[in-house]
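Asker: Handing you a structure now.
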Amino acid sequence: MKKRLRGTIRVPGDKSISHRGIMLGSIAKGTTELTGFLDGADCRSTIRCFQEMGIDIIQEQDHVVIHGMGLHGLRSPVDTLDVGNSGTTTRLISGILAAQDFTSQLNGDASIQTRPMKRIMEPLNQMGANITSIRENGCAPLRIVGKPLHGIHYDSPVASAQVKSAILLAGLYADSETSVTEPSISRDHTERMLRGFGADIRTLGRTASVLPCQELHGQQLFIPGDISSAAYFIAAGLLSNDADIMIEHVNTNPTRAGILEVVRRMGGSVTLENQHDESGEPVADLHVVSSHLHGCEISGDLIPTLIDEIPVIAVMAAAAEGQTIIRDAAELKVKESDRIQSICDNLAAMGCNITPTDDGMIIEGGAPLHGAHIQTHADHRIAMAFTIASLLTDDDVMLDVPHCVTISYPRFYDDLASLYD
Ligand code: S3P
């Protein structure tokens with residue numbers, strides 16, 4: 001990539017932390033103030049759902065004030081709650097709704113109606129809730145009849161923070177301890193934030209447990225930048241011939257920062273500066289310079305720590321020298337699109353030698369890429385990853401639904417353009 005990239009950038013607030021801030025703020029007692037909130041379509045869906053349940057939430061761009069009504073302060077919603085495109089909203093909110101003394105319904109867009117919800121229905125129903133898939137296909141729309149819950153221990157078959165979080169949130173309302181063991185550790189923002197709000201929560205290896213809770217207390221939270229959004233600029237910087245960029249104030253939580261390990265394995269240069277903690281999360285500035293990348297293997301416990309970055313990691317691998325193998329990532333098939341297929345089809349269309357597998361892909365890096373029509377499937381991360389891929393060719397690369405980036409990063413194209421001089 002012959003482009004010159006220079007400058008300092010701040011990416012929007014972390015999406016996972018923003019969702020959780022709205023949810024915990026809504027069921028805490030007192031005021032919660034979020035600074036650095038991600039003003040994207042997914043997090044707005046979460047705000048709307050809690051407003052529909054009577055919570056006073058005032059949002060102005062990245063600043064949000066929530067007047068929480070306590071664990072039992074939600075009101076029965078008049079209509080079906082609209083979760084839009086957001087899997088995080090759907091699964092986490094189900095954990096809270098499972099314990100309410102009212103019945104609710106959740107639904108969202110065409111993509112959300114294909115995403116697997118049995119993974120949360122099963123454990124929450126084991127706790128005593130009554131959640132059904134209205135079309136009996138294991139997907140939304142969901143009907144949730146709230147019930148008094150009892151604590152369980154759940155051995156989760158998937159490393160999913162959404163599953164773990166749904167169970168832990170329901171566990172706040174249960175009559176005894178609730179714990180979840182996962183096959184690999186997934187992002188732990190819920191555990192960290194619950195601790196900050198005053199819940200009695202413990203983690204030991206791959207198990208997280210929570211005790212029944214009397215009350216959560218409103219907090220002031222500073223939300224760091226989202227490493228999943230920073231990932232596009234990390235890739236752009238590494239792949240450019242002449243790049244020296246600083247991405248300020250990024251969340252570097254080890255359960256999220258697997259891309260930094262991949263960069264190290266590929267021989268890339270990203271250094272962490274100004275490391276500190278904020279609102280219970282580690283934060284750093286990322287200094288990225290042009291690098292010569294080589295292929296590597298990405299598998300096992302590393303996968304959940306970079307699952308959302310795999311589209312752009314695949315683009316890095318296509319430009320790197322040699323082979324990259326991604327394994328143990330079957331979860332990619334049930335994201336906003338089937339990302340194994342959407343990554344492989346689109347990189348192949350650009351001239352990359354890439355083979356999909358059941359749980360990942362094999363990428364032969366180094367072939368010159370050419371222009372193509374990219375089918376994003378309205379998946380924000382595919383759109384952003386292939387915008388970075390477009391920098392690797394002088395040909396035209398056309399995205400079918402470029403505006404889908406508003407799900408997680410409305411200013412993405414402007415921020416990328418700001419780095420060129
Ligand atoms: C998320 C967890 C991950 C991730 C998603 C956000 C969260 O999903 O892909 O974008 O905020 O908990 P899974 O829990 O399904 O792995």
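Following the order of the structure tokens, first chain is A, next is B, and so on, with residues numbered from 1 inside each chain and ligands from 1 in the order they appear.
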Name the residues, by chain letter and number, that sit within 8 Å of ligand 1 using only C-alpha atoms and all ligand atoms, and give them as number ranges by chain.

Answerer: A: 15-17, 19-20, 87-88, 92, 158-165, 186-187, 189, 304, 307-308, 331, 334-335

Asker: What are the DSSP strand (DSSP E or B) residues of range 18-224 of chain A, as an mmCIF file with N, CA, C and O atoms, in the first residue's frame?

Answerer:
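This is the output file part-v5.cif:
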```
data_model
loop_
_atom_site.group_PDB
_atom_site.id
_atom_site.type_symbol
_atom_site.label_atom_id
_atom_site.label_comp_id
_atom_site.auth_asym_id
_atom_site.auth_seq_id
_atom_site.Cartn_x
_atom_site.Cartn_y
_atom_site.Cartn_z
ATOM 1 N N LYS A 29 -29.580 1.932 41.286
ATOM 2 C CA LYS A 29 -30.315 3.003 41.966
ATOM 3 C C LYS A 29 -29.495 4.284 41.810
ATOM 4 O O LYS A 29 -28.290 4.263 42.023
ATOM 5 N N GLY A 30 -30.114 5.372 41.398
ATOM 6 C CA GLY A 30 -29.410 6.649 41.301
ATOM 7 C C GLY A 30 -28.898 6.922 39.896
ATOM 8 O O GLY A 30 -29.214 6.212 38.943
ATOM 9 N N THR A 31 -28.088 7.981 39.810
ATOM 10 C CA THR A 31 -27.670 8.470 38.497
ATOM 11 C C THR A 31 -26.382 7.794 38.038
ATOM 12 O O THR A 31 -25.438 7.661 38.813
ATOM 13 N N THR A 32 -26.371 7.396 36.783
ATOM 14 C CA THR A 32 -25.141 6.913 36.141
ATOM 15 C C THR A 32 -24.827 7.856 35.004
ATOM 16 O O THR A 32 -25.717 8.250 34.239
ATOM 17 N N GLU A 33 -23.554 8.236 34.919
ATOM 18 C CA GLU A 33 -23.154 9.141 33.842
ATOM 19 C C GLU A 33 -22.075 8.443 33.019
ATOM 20 O O GLU A 33 -21.096 7.944 33.565
ATOM 21 N N LEU A 34 -22.289 8.375 31.704
ATOM 22 C CA LEU A 34 -21.311 7.741 30.811
ATOM 23 C C LEU A 34 -20.651 8.821 29.960
ATOM 24 O O LEU A 34 -21.345 9.625 29.329
ATOM 25 N N THR A 35 -19.333 8.815 29.929
ATOM 26 C CA THR A 35 -18.591 9.709 29.039
ATOM 27 C C THR A 35 -17.801 8.818 28.089
ATOM 28 O O THR A 35 -17.180 7.853 28.525
ATOM 29 N N ASP A 56 -35.435 6.981 32.449
ATOM 30 C CA ASP A 56 -35.117 8.299 31.918
ATOM 31 C C ASP A 56 -33.632 8.302 31.514
ATOM 32 O O ASP A 56 -32.749 8.223 32.374
ATOM 33 N N ILE A 57 -33.388 8.341 30.200
ATOM 34 C CA ILE A 57 -32.007 8.319 29.682
ATOM 35 C C ILE A 57 -31.848 9.508 28.741
ATOM 36 O O ILE A 57 -32.613 9.651 27.777
ATOM 37 N N ILE A 58 -30.879 10.364 29.052
ATOM 38 C CA ILE A 58 -30.649 11.529 28.194
ATOM 39 C C ILE A 58 -29.300 11.347 27.518
ATOM 40 O O ILE A 58 -28.269 11.238 28.189
ATOM 41 N N GLN A 59 -29.323 11.274 26.178
ATOM 42 C CA GLN A 59 -28.079 11.070 25.427
ATOM 43 C C GLN A 59 -27.781 12.267 24.551
ATOM 44 O O GLN A 59 -28.643 12.732 23.797
ATOM 45 N N GLU A 60 -26.573 12.805 24.693
ATOM 46 C CA GLU A 60 -26.102 13.811 23.738
ATOM 47 C C GLU A 60 -24.764 13.338 23.228
ATOM 48 O O GLU A 60 -23.769 13.365 23.961
ATOM 49 N N HIS A 63 -22.163 11.482 25.464
ATOM 50 C CA HIS A 63 -22.433 11.711 26.880
ATOM 51 C C HIS A 63 -23.849 11.249 27.211
ATOM 52 O O HIS A 63 -24.800 11.622 26.528
ATOM 53 N N VAL A 64 -23.976 10.409 28.239
ATOM 54 C CA VAL A 64 -25.297 9.865 28.577
ATOM 55 C C VAL A 64 -25.523 9.972 30.079
ATOM 56 O O VAL A 64 -24.613 9.681 30.875
ATOM 57 N N VAL A 65 -26.719 10.408 30.442
ATOM 58 C CA VAL A 65 -27.111 10.404 31.852
ATOM 59 C C VAL A 65 -28.326 9.481 31.994
ATOM 60 O O VAL A 65 -29.308 9.613 31.262
ATOM 61 N N ILE A 66 -28.216 8.553 32.938
ATOM 62 C CA ILE A 66 -29.279 7.560 33.149
ATOM 63 C C ILE A 66 -29.788 7.708 34.578
ATOM 64 O O ILE A 66 -28.995 7.674 35.524
ATOM 65 N N HIS A 67 -31.098 7.854 34.711
ATOM 66 C CA HIS A 67 -31.680 7.919 36.051
ATOM 67 C C HIS A 67 -32.210 6.525 36.385
ATOM 68 O O HIS A 67 -33.353 6.194 36.081
ATOM 69 N N GLY A 68 -31.336 5.723 36.972
ATOM 70 C CA GLY A 68 -31.662 4.321 37.248
ATOM 71 C C GLY A 68 -32.742 4.205 38.314
ATOM 72 O O GLY A 68 -32.832 5.028 39.229
ATOM 73 N N MET A 69 -33.579 3.165 38.160
ATOM 74 C CA MET A 69 -34.723 2.985 39.072
ATOM 75 C C MET A 69 -34.540 1.769 39.980
ATOM 76 O O MET A 69 -35.501 1.331 40.616
ATOM 77 N N LEU A 81 -40.035 -4.849 22.223
ATOM 78 C CA LEU A 81 -38.783 -4.096 22.294
ATOM 79 C C LEU A 81 -38.004 -4.330 21.003
ATOM 80 O O LEU A 81 -37.839 -5.479 20.569
ATOM 81 N N ASP A 82 -37.509 -3.231 20.404
ATOM 82 C CA ASP A 82 -36.811 -3.323 19.113
ATOM 83 C C ASP A 82 -35.303 -3.306 19.358
ATOM 84 O O ASP A 82 -34.742 -2.275 19.727
ATOM 85 N N VAL A 83 -34.663 -4.456 19.119
ATOM 86 C CA VAL A 83 -33.215 -4.565 19.366
ATOM 87 C C VAL A 83 -32.400 -4.253 18.120
ATOM 88 O O VAL A 83 -31.163 -4.348 18.149
ATOM 89 N N GLY A 84 -33.074 -3.901 17.011
ATOM 90 C CA GLY A 84 -32.358 -3.533 15.784
ATOM 91 C C GLY A 84 -31.483 -4.672 15.282
ATOM 92 O O GLY A 84 -31.939 -5.801 15.085
ATOM 93 N N THR A 103 -44.224 -9.738 31.332
ATOM 94 C CA THR A 103 -43.878 -10.461 30.101
ATOM 95 C C THR A 103 -43.471 -9.444 29.052
ATOM 96 O O THR A 103 -44.066 -8.369 28.957
ATOM 97 N N SER A 104 -42.445 -9.771 28.273
ATOM 98 C CA SER A 104 -42.000 -8.842 27.225
ATOM 99 C C SER A 104 -41.707 -9.628 25.948
ATOM 100 O O SER A 104 -41.554 -10.848 25.986
ATOM 101 N N GLN A 105 -41.628 -8.869 24.852
ATOM 102 C CA GLN A 105 -41.244 -9.485 23.578
ATOM 103 C C GLN A 105 -40.115 -8.671 22.977
ATOM 104 O O GLN A 105 -40.092 -7.438 23.097
ATOM 105 N N LEU A 106 -39.182 -9.378 22.326
ATOM 106 C CA LEU A 106 -38.025 -8.739 21.688
ATOM 107 C C LEU A 106 -38.030 -9.102 20.216
ATOM 108 O O LEU A 106 -38.249 -10.254 19.867
ATOM 109 N N ASN A 107 -37.705 -8.129 19.368
ATOM 110 C CA ASN A 107 -37.498 -8.446 17.958
ATOM 111 C C ASN A 107 -36.552 -7.411 17.349
ATOM 112 O O ASN A 107 -36.326 -6.342 17.938
ATOM 113 N N GLY A 108 -35.996 -7.754 16.189
ATOM 114 C CA GLY A 108 -35.064 -6.837 15.544
ATOM 115 C C GLY A 108 -35.088 -7.015 14.041
ATOM 116 O O GLY A 108 -36.080 -7.491 13.483
ATOM 117 N N ASN A 130 -39.193 -18.292 31.540
ATOM 118 C CA ASN A 130 -39.930 -18.951 30.461
ATOM 119 C C ASN A 130 -39.741 -18.113 29.190
ATOM 120 O O ASN A 130 -40.474 -17.167 28.946
ATOM 121 N N ILE A 131 -38.707 -18.483 28.435
ATOM 122 C CA ILE A 131 -38.389 -17.743 27.204
ATOM 123 C C ILE A 131 -38.659 -18.653 26.015
ATOM 124 O O ILE A 131 -38.165 -19.779 25.973
ATOM 125 N N THR A 132 -39.434 -18.161 25.075
ATOM 126 C CA THR A 132 -39.717 -18.968 23.881
ATOM 127 C C THR A 132 -39.407 -18.169 22.622
ATOM 128 O O THR A 132 -39.515 -16.936 22.608
ATOM 129 N N SER A 133 -39.036 -18.910 21.596
ATOM 130 C CA SER A 133 -38.849 -18.322 20.271
ATOM 131 C C SER A 133 -40.223 -18.385 19.610
ATOM 132 O O SER A 133 -40.775 -19.474 19.420
ATOM 133 N N LEU A 142 -38.536 -13.126 20.378
ATOM 134 C CA LEU A 142 -38.591 -13.895 21.627
ATOM 135 C C LEU A 142 -39.717 -13.379 22.503
ATOM 136 O O LEU A 142 -40.014 -12.178 22.508
ATOM 137 N N ARG A 143 -40.305 -14.298 23.254
ATOM 138 C CA ARG A 143 -41.293 -13.922 24.269
ATOM 139 C C ARG A 143 -40.689 -14.326 25.610
ATOM 140 O O ARG A 143 -40.287 -15.487 25.791
ATOM 141 N N ILE A 144 -40.612 -13.383 26.517
ATOM 142 C CA ILE A 144 -39.939 -13.631 27.795
ATOM 143 C C ILE A 144 -40.932 -13.422 28.933
ATOM 144 O O ILE A 144 -41.377 -12.297 29.178
ATOM 145 N N VAL A 145 -41.286 -14.526 29.585
ATOM 146 C CA VAL A 145 -42.156 -14.432 30.756
ATOM 147 C C VAL A 145 -41.232 -14.443 31.984
ATOM 148 O O VAL A 145 -40.611 -15.461 32.288
ATOM 149 N N HIS A 153 -25.364 -23.548 38.253
ATOM 150 C CA HIS A 153 -24.032 -23.527 37.650
ATOM 151 C C HIS A 153 -24.205 -23.943 36.207
ATOM 152 O O HIS A 153 -24.830 -24.970 35.928
ATOM 153 N N TYR A 154 -23.658 -23.167 35.276
ATOM 154 C CA TYR A 154 -23.827 -23.482 33.862
ATOM 155 C C TYR A 154 -22.479 -23.695 33.201
ATOM 156 O O TYR A 154 -21.596 -22.837 33.273
ATOM 157 N N ASP A 155 -22.329 -24.869 32.572
ATOM 158 C CA ASP A 155 -21.141 -25.171 31.775
ATOM 159 C C ASP A 155 -21.450 -24.776 30.354
ATOM 160 O O ASP A 155 -22.141 -25.519 29.649
ATOM 161 N N THR A 178 -24.973 -17.889 41.323
ATOM 162 C CA THR A 178 -25.038 -18.330 39.925
ATOM 163 C C THR A 178 -23.630 -18.297 39.356
ATOM 164 O O THR A 178 -22.906 -17.318 39.562
ATOM 165 N N SER A 179 -23.236 -19.358 38.667
ATOM 166 C CA SER A 179 -21.895 -19.348 38.076
ATOM 167 C C SER A 179 -21.914 -19.919 36.667
ATOM 168 O O SER A 179 -22.798 -20.695 36.298
ATOM 169 N N VAL A 180 -20.931 -19.478 35.889
ATOM 170 C CA VAL A 180 -20.802 -19.901 34.486
ATOM 171 C C VAL A 180 -19.350 -20.288 34.235
ATOM 172 O O VAL A 180 -18.447 -19.519 34.584
ATOM 173 N N THR A 181 -19.148 -21.468 33.659
ATOM 174 C CA THR A 181 -17.801 -21.848 33.217
ATOM 175 C C THR A 181 -17.818 -21.902 31.699
ATOM 176 O O THR A 181 -18.733 -22.478 31.107
ATOM 177 N N ILE A 201 -19.185 -10.258 42.876
ATOM 178 C CA ILE A 201 -18.877 -11.090 41.717
ATOM 179 C C ILE A 201 -17.439 -11.585 41.803
ATOM 180 O O ILE A 201 -16.557 -10.836 42.202
ATOM 181 N N ARG A 202 -17.255 -12.847 41.476
ATOM 182 C CA ARG A 202 -15.898 -13.428 41.535
ATOM 183 C C ARG A 202 -15.561 -14.118 40.236
ATOM 184 O O ARG A 202 -16.448 -14.648 39.565
ATOM 185 N N THR A 203 -14.261 -14.150 39.929
ATOM 186 C CA THR A 203 -13.816 -14.930 38.770
ATOM 187 C C THR A 203 -12.654 -15.801 39.208
ATOM 188 O O THR A 203 -11.789 -15.373 39.976
ATOM 189 N N LEU A 204 -12.688 -17.027 38.730
ATOM 190 C CA LEU A 204 -11.599 -17.962 39.018
ATOM 191 C C LEU A 204 -11.378 -18.756 37.734
ATOM 192 O O LEU A 204 -12.233 -19.568 37.349
ATOM 193 N N THR A 207 -14.253 -19.565 35.212
ATOM 194 C CA THR A 207 -15.567 -19.502 35.879
ATOM 195 C C THR A 207 -15.807 -18.119 36.474
ATOM 196 O O THR A 207 -14.933 -17.550 37.127
ATOM 197 N N ALA A 208 -16.997 -17.588 36.232
ATOM 198 C CA ALA A 208 -17.415 -16.321 36.856
ATOM 199 C C ALA A 208 -18.663 -16.615 37.670
ATOM 200 O O ALA A 208 -19.535 -17.364 37.220
ATOM 201 N N SER A 209 -18.739 -16.054 38.897
ATOM 202 C CA SER A 209 -19.946 -16.286 39.702
ATOM 203 C C SER A 209 -20.409 -15.002 40.353
ATOM 204 O O SER A 209 -19.614 -14.095 40.624
ATOM 205 N N VAL A 210 -21.720 -14.950 40.570
ATOM 206 C CA VAL A 210 -22.317 -13.746 41.165
ATOM 207 C C VAL A 210 -23.297 -14.180 42.251
ATOM 208 O O VAL A 210 -23.967 -15.211 42.121
ATOM 209 N N HIS A 217 -25.445 0.396 42.504
ATOM 210 C CA HIS A 217 -25.378 1.832 42.768
ATOM 211 C C HIS A 217 -24.855 2.572 41.545
ATOM 212 O O HIS A 217 -23.824 2.194 40.979
ATOM 213 N N GLN A 220 -20.180 6.845 37.817
ATOM 214 C CA GLN A 220 -19.673 7.688 36.744
ATOM 215 C C GLN A 220 -18.643 6.857 35.981
ATOM 216 O O GLN A 220 -17.670 6.375 36.574
ATOM 217 N N LEU A 221 -18.877 6.653 34.693
ATOM 218 C CA LEU A 221 -17.989 5.775 33.917
ATOM 219 C C LEU A 221 -17.363 6.531 32.750
ATOM 220 O O LEU A 221 -18.057 7.258 32.027
ATOM 221 N N PHE A 222 -16.063 6.303 32.569
ATOM 222 C CA PHE A 222 -15.355 6.847 31.403
ATOM 223 C C PHE A 222 -15.068 5.673 30.479
ATOM 224 O O PHE A 222 -14.367 4.734 30.863
#
```

Asker: Set the distance at 6 Å and use only C-alpha atoms: which residues neighbour range 277-283 of chain A once local chain neighbours fewer than 6 positions away are removed? I'd like the list as a compact mmCIF listing (two decimals) with N, CA and C atoms, in the first residue's frame.

Answerer:
```txt
# COMPACT_ATOMS: atom_id res chain seq x y z
N LEU A 221 -18.88 6.65 34.69
CA LEU A 221 -17.99 5.78 33.92
C LEU A 221 -17.36 6.53 32.75
N PHE A 222 -16.06 6.30 32.57
CA PHE A 222 -15.35 6.85 31.40
C PHE A 222 -15.07 5.67 30.48
N HIS A 249 -6.09 6.34 23.55
CA HIS A 249 -7.12 6.03 24.53
C HIS A 249 -7.96 4.81 24.13
N VAL A 250 -7.26 3.70 23.88
CA VAL A 250 -7.93 2.47 23.44
C VAL A 250 -7.98 1.47 24.60
N ASN A 251 -9.11 0.80 24.72
CA ASN A 251 -9.26 -0.26 25.72
C ASN A 251 -8.34 -1.43 25.36
N THR A 252 -7.47 -1.82 26.29
CA THR A 252 -6.53 -2.92 26.02
C THR A 252 -6.78 -4.10 26.95
N ASN A 253 -8.00 -4.23 27.43
CA ASN A 253 -8.39 -5.38 28.24
C ASN A 253 -7.87 -6.66 27.58
```

Asker: Excluding Ser269 in chain A and residues on its chain fewer than 4 positions from it, collect all residues at most 9 Å away from it, counting only C-alpha atoms, and give them as JSON, numbers by chain.

Answerer: {"A": [238, 263, 264, 287, 288, 289, 290, 291]}

Asker: Can you write just those residues out, N, CA, C and O atoms, as an mmCIF file, in the first residue's frame?

Answerer:
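The resulting file, result-v4.cif, is reproduced below:
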```
data_model
loop_
_atom_site.group_PDB
_atom_site.id
_atom_site.type_symbol
_atom_site.label_atom_id
_atom_site.label_comp_id
_atom_site.auth_asym_id
_atom_site.auth_seq_id
_atom_site.Cartn_x
_atom_site.Cartn_y
_atom_site.Cartn_z
ATOM 1 N N LEU A 238 -0.129 -0.655 9.590
ATOM 2 C CA LEU A 238 0.874 -1.703 9.369
ATOM 3 C C LEU A 238 1.081 -1.951 7.877
ATOM 4 O O LEU A 238 2.199 -2.175 7.424
ATOM 5 N N VAL A 263 -0.580 -9.233 15.826
ATOM 6 C CA VAL A 263 0.371 -8.282 15.229
ATOM 7 C C VAL A 263 1.794 -8.706 15.581
ATOM 8 O O VAL A 263 2.690 -8.735 14.715
ATOM 9 N N ARG A 264 1.998 -9.093 16.839
ATOM 10 C CA ARG A 264 3.339 -9.521 17.265
ATOM 11 C C ARG A 264 3.765 -10.769 16.475
ATOM 12 O O ARG A 264 4.863 -10.827 15.933
ATOM 13 N N HIS A 287 0.737 3.073 19.219
ATOM 14 C CA HIS A 287 1.601 3.704 18.212
ATOM 15 C C HIS A 287 1.877 2.671 17.113
ATOM 16 O O HIS A 287 2.446 1.611 17.382
ATOM 17 N N VAL A 288 1.420 2.975 15.907
ATOM 18 C CA VAL A 288 1.488 2.010 14.800
ATOM 19 C C VAL A 288 2.413 2.554 13.708
ATOM 20 O O VAL A 288 2.243 3.696 13.273
ATOM 21 N N VAL A 289 3.370 1.749 13.269
ATOM 22 C CA VAL A 289 4.211 2.147 12.129
ATOM 23 C C VAL A 289 4.191 1.038 11.068
ATOM 24 O O VAL A 289 3.924 -0.124 11.366
ATOM 25 N N SER A 290 4.509 1.424 9.839
ATOM 26 C CA SER A 290 4.518 0.464 8.718
ATOM 27 C C SER A 290 5.378 -0.741 9.066
ATOM 28 O O SER A 290 6.429 -0.600 9.685
ATOM 29 N N SER A 291 4.937 -1.911 8.640
ATOM 30 C CA SER A 291 5.669 -3.132 9.001
ATOM 31 C C SER A 291 5.578 -4.132 7.853
ATOM 32 O O SER A 291 4.617 -4.126 7.079
#
```

Asker: Could you go through range 267-313 of chain A and tell me which residues DSSP, when run on the backbone, assigns to helix (DSSP H, G or I), listing them as number ranges by chain?

Answerer: A: 300-305, 307-313

Asker: Counting only C-alpha atoms, which residue out of A:Gln61, A:Gln100, A:Ser156, A:Gln323 sits closest to Ser76 in chain A?

Answerer: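 Residue with the minimum atom-to-atom distance to Ser76 in chain A: A:Gln100.
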
Asker: Return the single residue from A:Glu136, A:Glu215, A:Glu52, A:Asp395 that is closest to Gly70 in chain A, with distances computed using only C-alpha atoms.

Answerer: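 Closest to Gly70 in chain A of all the choices is A:Glu215.
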
Asker: Work out how far CA of Ile303 in chain A is from CA of Ser390 in chain A, in Å to one decimal.

Answerer: 25.3 Å

Asker: Given only C-alpha atoms as the basis, pick out the residue of A:Leu416, A:Met316, A:Val262, A:Cys213 nearest to Phe233 in chain A.

Answerer: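 The answer is A:Leu416, which sits nearest to Phe233 in chain A.
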
Asker: Work out how far CA of Pro311 in chain A is from CA of Ala231 in chain A, in Å to one decimal.

Answerer: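 Value for the CA of Ala231 in chain A-CA of Pro311 in chain A distance: 10.0 Å.
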
Asker: Skipping near chain neighbours, those fewer than 2 positions away, what residues fall within 9 Å of Phe50 in chain A using only C-alpha atoms, listed as a compact mmCIF listing (two decimals) with all heavy atoms, in the first residue's frame?

Answerer:
```
# COMPACT_ATOMS: atom_id res chain seq x y z
N ILE A 22 -25.34 1.30 29.80
CA ILE A 22 -26.78 1.64 29.74
C ILE A 22 -27.58 0.64 30.59
O ILE A 22 -28.46 1.02 31.37
CB ILE A 22 -27.31 1.60 28.29
CG1 ILE A 22 -26.58 2.59 27.40
CG2 ILE A 22 -28.83 1.82 28.26
CD1 ILE A 22 -26.78 4.04 27.75
N MET A 23 -27.24 -0.65 30.44
CA MET A 23 -28.04 -1.68 31.14
C MET A 23 -27.86 -1.58 32.65
O MET A 23 -28.85 -1.54 33.39
CB MET A 23 -27.63 -3.06 30.65
CG MET A 23 -28.00 -3.27 29.19
SD MET A 23 -27.81 -4.97 28.69
CE MET A 23 -28.03 -4.81 26.93
N SER A 26 -29.39 1.49 34.13
CA SER A 26 -30.86 1.45 34.17
C SER A 26 -31.37 0.65 35.36
O SER A 26 -32.43 0.96 35.91
CB SER A 26 -31.42 0.85 32.89
OG SER A 26 -31.11 1.66 31.79
N SER A 45 -30.05 1.25 20.19
CA SER A 45 -31.12 0.26 20.40
C SER A 45 -31.25 -0.08 21.88
O SER A 45 -32.36 -0.21 22.40
CB SER A 45 -30.82 -1.03 19.62
OG SER A 45 -30.86 -0.80 18.24
N THR A 46 -30.11 -0.23 22.55
CA THR A 46 -30.17 -0.54 23.98
C THR A 46 -30.82 0.61 24.75
O THR A 46 -31.68 0.38 25.62
CB THR A 46 -28.75 -0.84 24.52
OG1 THR A 46 -28.27 -2.01 23.87
CG2 THR A 46 -28.75 -1.07 26.01
N ILE A 47 -30.45 1.84 24.42
CA ILE A 47 -31.07 2.99 25.10
C ILE A 47 -32.59 2.95 24.91
O ILE A 47 -33.36 3.08 25.87
CB ILE A 47 -30.50 4.33 24.55
CG1 ILE A 47 -29.04 4.50 24.98
CG2 ILE A 47 -31.36 5.52 25.02
CD1 ILE A 47 -28.42 5.84 24.58
N ARG A 48 -33.00 2.76 23.66
CA ARG A 48 -34.45 2.78 23.36
C ARG A 48 -35.20 1.71 24.15
O ARG A 48 -36.28 1.96 24.67
CB ARG A 48 -34.67 2.55 21.86
CG ARG A 48 -35.08 3.79 21.11
CD ARG A 48 -35.71 3.48 19.76
NE ARG A 48 -35.29 2.23 19.18
CZ ARG A 48 -34.25 2.07 18.38
NH1 ARG A 48 -33.49 3.11 18.06
NH2 ARG A 48 -33.95 0.88 17.89
N GLU A 52 -38.19 2.46 26.75
CA GLU A 52 -39.52 1.83 26.62
C GLU A 52 -39.97 1.20 27.93
O GLU A 52 -41.15 0.93 28.12
CB GLU A 52 -39.49 0.73 25.55
CG GLU A 52 -39.25 1.21 24.14
CD GLU A 52 -40.47 1.89 23.55
OE1 GLU A 52 -41.57 1.37 23.79
OE2 GLU A 52 -40.31 2.92 22.88
N MET A 53 -39.01 0.94 28.80
CA MET A 53 -39.37 0.34 30.10
C MET A 53 -39.33 1.39 31.21
O MET A 53 -39.18 1.07 32.38
CB MET A 53 -38.45 -0.84 30.40
CG MET A 53 -38.69 -2.00 29.43
SD MET A 53 -37.86 -3.51 29.89
CE MET A 53 -36.18 -3.17 29.43
N GLY A 54 -39.46 2.66 30.80
CA GLY A 54 -39.69 3.73 31.76
C GLY A 54 -38.44 4.38 32.33
O GLY A 54 -38.53 5.21 33.24
N ILE A 55 -37.26 4.05 31.81
CA ILE A 55 -36.03 4.65 32.36
C ILE A 55 -35.74 5.96 31.65
O ILE A 55 -35.79 6.04 30.41
CB ILE A 55 -34.83 3.67 32.23
CG1 ILE A 55 -35.15 2.33 32.90
CG2 ILE A 55 -33.58 4.30 32.83
CD1 ILE A 55 -35.45 2.41 34.38
N ASP A 56 -35.43 6.98 32.45
CA ASP A 56 -35.12 8.30 31.92
C ASP A 56 -33.63 8.30 31.51
O ASP A 56 -32.75 8.22 32.37
CB ASP A 56 -35.41 9.34 33.02
CG ASP A 56 -35.08 10.74 32.60
OD1 ASP A 56 -34.96 10.99 31.38
OD2 ASP A 56 -34.92 11.60 33.49
N ILE A 57 -33.39 8.34 30.20
CA ILE A 57 -32.01 8.32 29.68
C ILE A 57 -31.85 9.51 28.74
O ILE A 57 -32.61 9.65 27.78
CB ILE A 57 -31.70 7.01 28.91
CG1 ILE A 57 -31.99 5.79 29.79
CG2 ILE A 57 -30.26 7.00 28.41
CD1 ILE A 57 -31.79 4.45 29.10
N LEU A 74 -37.98 -1.44 36.55
CA LEU A 74 -38.39 -1.40 35.13
C LEU A 74 -39.90 -1.55 35.03
O LEU A 74 -40.52 -2.27 35.82
CB LEU A 74 -37.72 -2.54 34.34
CG LEU A 74 -36.19 -2.53 34.29
CD1 LEU A 74 -35.69 -3.75 33.51
CD2 LEU A 74 -35.67 -1.25 33.66
N PRO A 77 -43.02 -3.00 29.16
CA PRO A 77 -43.08 -2.22 27.91
C PRO A 77 -44.42 -2.41 27.22
O PRO A 77 -44.99 -3.50 27.27
CB PRO A 77 -41.94 -2.81 27.07
CG PRO A 77 -41.70 -4.18 27.63
CD PRO A 77 -42.12 -4.17 29.07
N LEU A 81 -40.03 -4.85 22.22
CA LEU A 81 -38.78 -4.10 22.29
C LEU A 81 -38.00 -4.33 21.00
O LEU A 81 -37.84 -5.48 20.57
CB LEU A 81 -37.96 -4.55 23.50
CG LEU A 81 -38.60 -4.25 24.87
CD1 LEU A 81 -37.85 -4.96 25.99
CD2 LEU A 81 -38.64 -2.74 25.13
```

Asker: Distance CA of Leu172 in chain A-CA of Leu211 in chain A, one decimal place?

Answerer: 6.4 Å

Asker: Taking only C-alpha atoms into account, which of A:Ser94, A:Thr114, A:Thr387, A:Ser240 comes nearest Ala170 in chain A?

Answerer: A:Ser94

Asker: For Cys352 in chain A, which residue out of A:Ile185, A:Ala235, A:Leu168, A:Ala372 is the nearest one, using only C-alpha atoms?

Answerer: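 When distances to Cys352 in chain A are compared using only C-alpha atoms, the smallest one comes from A:Ala372.
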